Amino acid sequence: MKVVLATRNQGKVRELEAMLAGIEGIKVLSFQDFPEMPDVAENGQTFEENAVKKAREVAEYTNLVAVADDSGLEVDYLNGAPGVYSARFAGENKNDTENNHKLLRLLHGLPMEQRKARFRCVIAIATPWGDIYTTEGNCEGFIGYEMAGDKGFGYDPLFYLPEYDKTFAQLDLEVKNRISHRARALEKAKSILLDLKER
Ligand code: ITT
């Protein structure tokens, strides 16, 4: 069964491909295999709404099972922001570094106990015949005082895990892919894909 990843974020593609590698009978394709694919407008109020929209539109366009990931960072002190706006926190066309700097500015001077945050990920699987499934995964941590590490993407240099004394950007991808919000959501999504493969 061919499965297409409905994301333009290369960081997500790298992680999802690594986590789906080696599943017998599942071949993973990405947007690179469909250069003409139109962009999906993300205007939902929740991760779930956005993930479902991306998966649906890509399944319709490709006529394949599509796997979409909508994810983001929720910071308690900011009442859950940036949330669904994580990718464009510092504004449209701003990059990951600018998003991280904005977050550091907003939390400036706060002690660690007020820097609690979590990554959330909703995976949506859409079939060309119109079925839709969603799974969810979270990962709890803290926003560090400065950026550290050069692995990963997005807010990884600021996402600090006390149990490792490292940020996500300092952990090997193999470790992040065992414990992350995305890993947890995808673990549940895998069994749905295995079921679909048998149909
Ligand atoms: P697609 O919609 O094409 O998948 P996107 O980057 O726009 O790409 P989202 O709307 O889901 O995707 O935004 C997710 C943002 O949340 C992402 O750009 C990062 O800034 C952040 N994010 C999500 N997962 C992350 C992770 O594992 N590590 C670091 N940052 C992450």
# chains A, B, ... in the order shown; residues from 1 in each chain; ligands from 1

call {"tool": "residues_around", "arguments": {"residues": "A:Thr167", "least_positions_apart": "5", "cutoff": "7 Å", "atoms": "only C-alpha atoms", "output": "PyMOL selection string"}}
result
chain A and resi 148-149+156-161

call {"tool": "write_last_selection", "arguments": {"atoms": "N, CA and C atoms", "output": "compact mmCIF listing (two decimals), in the first residue's frame"}}
result
# COMPACT_ATOMS: atom_id res chain seq x y z
N ALA A 148 19.50 25.79 22.48
CA ALA A 148 20.63 24.86 22.63
C ALA A 148 20.43 23.66 21.71
N GLY A 149 21.46 23.33 20.96
CA GLY A 149 21.42 22.15 20.08
C GLY A 149 21.10 22.52 18.65
N ASP A 156 12.56 22.96 18.72
CA ASP A 156 13.39 21.95 19.39
C ASP A 156 14.54 22.54 20.22
N PRO A 157 15.22 23.62 19.75
CA PRO A 157 16.34 24.15 20.56
C PRO A 157 15.89 24.75 21.88
N LEU A 158 14.58 25.01 22.04
CA LEU A 158 14.09 25.60 23.30
C LEU A 158 13.34 24.60 24.17
N PHE A 159 13.04 23.42 23.62
CA PHE A 159 12.18 22.48 24.36
C PHE A 159 13.05 21.57 25.23
N TYR A 160 13.04 21.88 26.53
CA TYR A 160 13.96 21.25 27.48
C TYR A 160 13.27 20.12 28.25
N LEU A 161 13.93 18.96 28.27
CA LEU A 161 13.40 17.78 28.98
C LEU A 161 14.28 17.51 30.19

call {"tool": "select_by_dssp", "arguments": {"residues": "stretch 3-186 of chain A", "states": "helix (DSSP H, G or I)", "output": "MDAnalysis selection string"}}
result
chainID A and resid 10:20 31:33 47:62 76:78 83:88 96:106 112:114 156:158 168:170 173:179 181:186

call {"tool": "residues_around", "arguments": {"residues": "A:Lys190", "least_positions_apart": "6", "cutoff": "12 Å", "atoms": "only C-alpha atoms", "output": "compact mmCIF listing (two decimals) with N, CA and C atoms, in the first residue's frame"}}
result
# COMPACT_ATOMS: atom_id res chain seq x y z
N VAL A 3 1.42 5.16 0.80
CA VAL A 3 0.92 6.15 1.76
C VAL A 3 1.65 7.46 1.46
N LEU A 16 8.77 11.40 10.30
CA LEU A 16 7.72 10.44 9.94
C LEU A 16 8.29 9.32 9.07
N MET A 19 10.17 6.91 11.25
CA MET A 19 9.31 6.10 12.11
C MET A 19 8.48 5.09 11.32
N LEU A 20 8.25 5.38 10.03
CA LEU A 20 7.45 4.45 9.21
C LEU A 20 8.33 3.50 8.39
N ALA A 21 9.64 3.71 8.49
CA ALA A 21 10.55 2.88 7.68
C ALA A 21 10.46 1.42 8.10
N GLY A 22 10.56 0.56 7.13
CA GLY A 22 10.67 -0.86 7.45
C GLY A 22 9.36 -1.55 7.80
N ILE A 23 8.23 -0.87 7.65
CA ILE A 23 6.96 -1.57 7.85
C ILE A 23 6.65 -2.30 6.55
N GLU A 24 6.59 -3.60 6.66
CA GLU A 24 6.42 -4.41 5.45
C GLU A 24 5.11 -4.08 4.74
N ILE A 26 4.28 -1.28 3.24
CA ILE A 26 3.88 0.14 3.19
C ILE A 26 5.01 0.95 2.55
N VAL A 67 -1.38 10.73 5.14
CA VAL A 67 -1.10 10.90 6.57
C VAL A 67 -0.68 12.35 6.79
N ILE A 123 -2.31 13.28 14.37
CA ILE A 123 -2.12 12.65 13.06
C ILE A 123 -3.50 12.31 12.51
N ALA A 124 -3.73 12.70 11.27
CA ALA A 124 -4.98 12.30 10.60
C ALA A 124 -4.62 11.40 9.42
N ILE A 125 -5.37 10.32 9.29
CA ILE A 125 -5.22 9.41 8.16
C ILE A 125 -6.51 9.49 7.36
N TYR A 133 -9.38 8.93 10.17
CA TYR A 133 -9.00 8.46 11.51
C TYR A 133 -8.06 9.51 12.10
N THR A 134 -8.16 9.73 13.42
CA THR A 134 -7.17 10.64 14.03
C THR A 134 -6.58 10.00 15.29
N THR A 135 -5.34 10.34 15.56
CA THR A 135 -4.68 9.91 16.80
C THR A 135 -3.94 11.12 17.36
N ARG A 182 5.02 13.40 18.37
CA ARG A 182 4.80 12.79 17.04
C ARG A 182 4.94 11.27 17.13
N ALA A 183 5.93 10.80 17.87
CA ALA A 183 6.14 9.36 18.03
C ALA A 183 4.92 8.72 18.68
N ARG A 184 4.39 9.42 19.70
CA ARG A 184 3.23 8.85 20.43
C ARG A 184 2.00 8.80 19.54
N LEU A 196 -5.46 -0.92 7.39
CA LEU A 196 -5.85 -0.46 6.04
C LEU A 196 -5.12 -1.26 4.97
N LYS A 197 -3.89 -1.61 5.27
CA LYS A 197 -3.07 -2.37 4.32
C LYS A 197 -3.69 -3.72 4.00

call {"tool": "residues_around", "arguments": {"residues": "stretch 70-79 of chain A", "least_positions_apart": "6", "cutoff": "9 Å", "atoms": "only C-alpha atoms", "output": "ChimeraX atom specification"}}
result
/A:7,46-52,54,85-87,106-107,114-124,142-143,155,181-182

call {"tool": "select_by_dssp", "arguments": {"residues": "chain A", "states": "strand (DSSP E)", "output": "PyMOL selection string"}}
result
chain A and resi 2-5+27-29+65-75+116-126+132-143+159-161+166-167

call {"tool": "atom_distance", "arguments": {"atom1": "atom CA of A:Ala59", "atom2": "atom CA of A:Phe153"}}
result
26.0 Å

call {"tool": "closest_residue", "arguments": {"among": "A:Leu5, A:Val175, A:Val84, A:Ala18", "to": "A:Phe34", "atoms": "only C-alpha atoms"}}
result
A:Leu5

call {"tool": "residues_around", "arguments": {"residues": "stretch 88-90 of chain A", "least_positions_apart": "3", "cutoff": "9 Å", "atoms": "only C-alpha atoms", "output": "PyMOL selection string"}}
result
chain A and resi 81-85+93-96+98-103

call {"tool": "write_last_selection", "arguments": {"atoms": "C-alpha atoms", "output": "PDB file, in the first residue's frame"}}
result
ATOM      1  CA  ALA A  81      -0.087  29.910  22.816  1.00  0.00           C
ATOM      2  CA  PRO A  82       1.351  29.575  20.229  1.00  0.00           C
ATOM      3  CA  GLY A  83      -0.763  26.373  19.768  1.00  0.00           C
ATOM      4  CA  VAL A  84      -2.186  26.051  16.250  1.00  0.00           C
ATOM      5  CA  TYR A  85      -0.259  29.218  15.320  1.00  0.00           C
ATOM      6  CA  ASN A  93       7.157  34.192   6.277  1.00  0.00           C
ATOM      7  CA  LYS A  94       9.169  34.285   9.528  1.00  0.00           C
ATOM      8  CA  ASN A  95      11.496  31.402  10.258  1.00  0.00           C
ATOM      9  CA  ASP A  96      12.004  29.004  13.167  1.00  0.00           C
ATOM     10  CA  GLU A  98      12.424  34.216  14.777  1.00  0.00           C
ATOM     11  CA  ASN A  99       9.660  32.137  16.381  1.00  0.00           C
ATOM     12  CA  ASN A 100      12.102  30.951  19.051  1.00  0.00           C
ATOM     13  CA  HIS A 101      13.303  34.488  19.751  1.00  0.00           C
ATOM     14  CA  LYS A 102       9.750  35.733  20.148  1.00  0.00           C
ATOM     15  CA  LEU A 103       9.045  32.978  22.653  1.00  0.00           C
TER      16      LEU A 103
END

call {"tool": "residues_around", "arguments": {"residues": "A:Trp129", "least_positions_apart": "5", "cutoff": "9 Å", "atoms": "only C-alpha atoms", "output": "VMD selection string"}}
result
chain A and resid 59 to 60 63 65
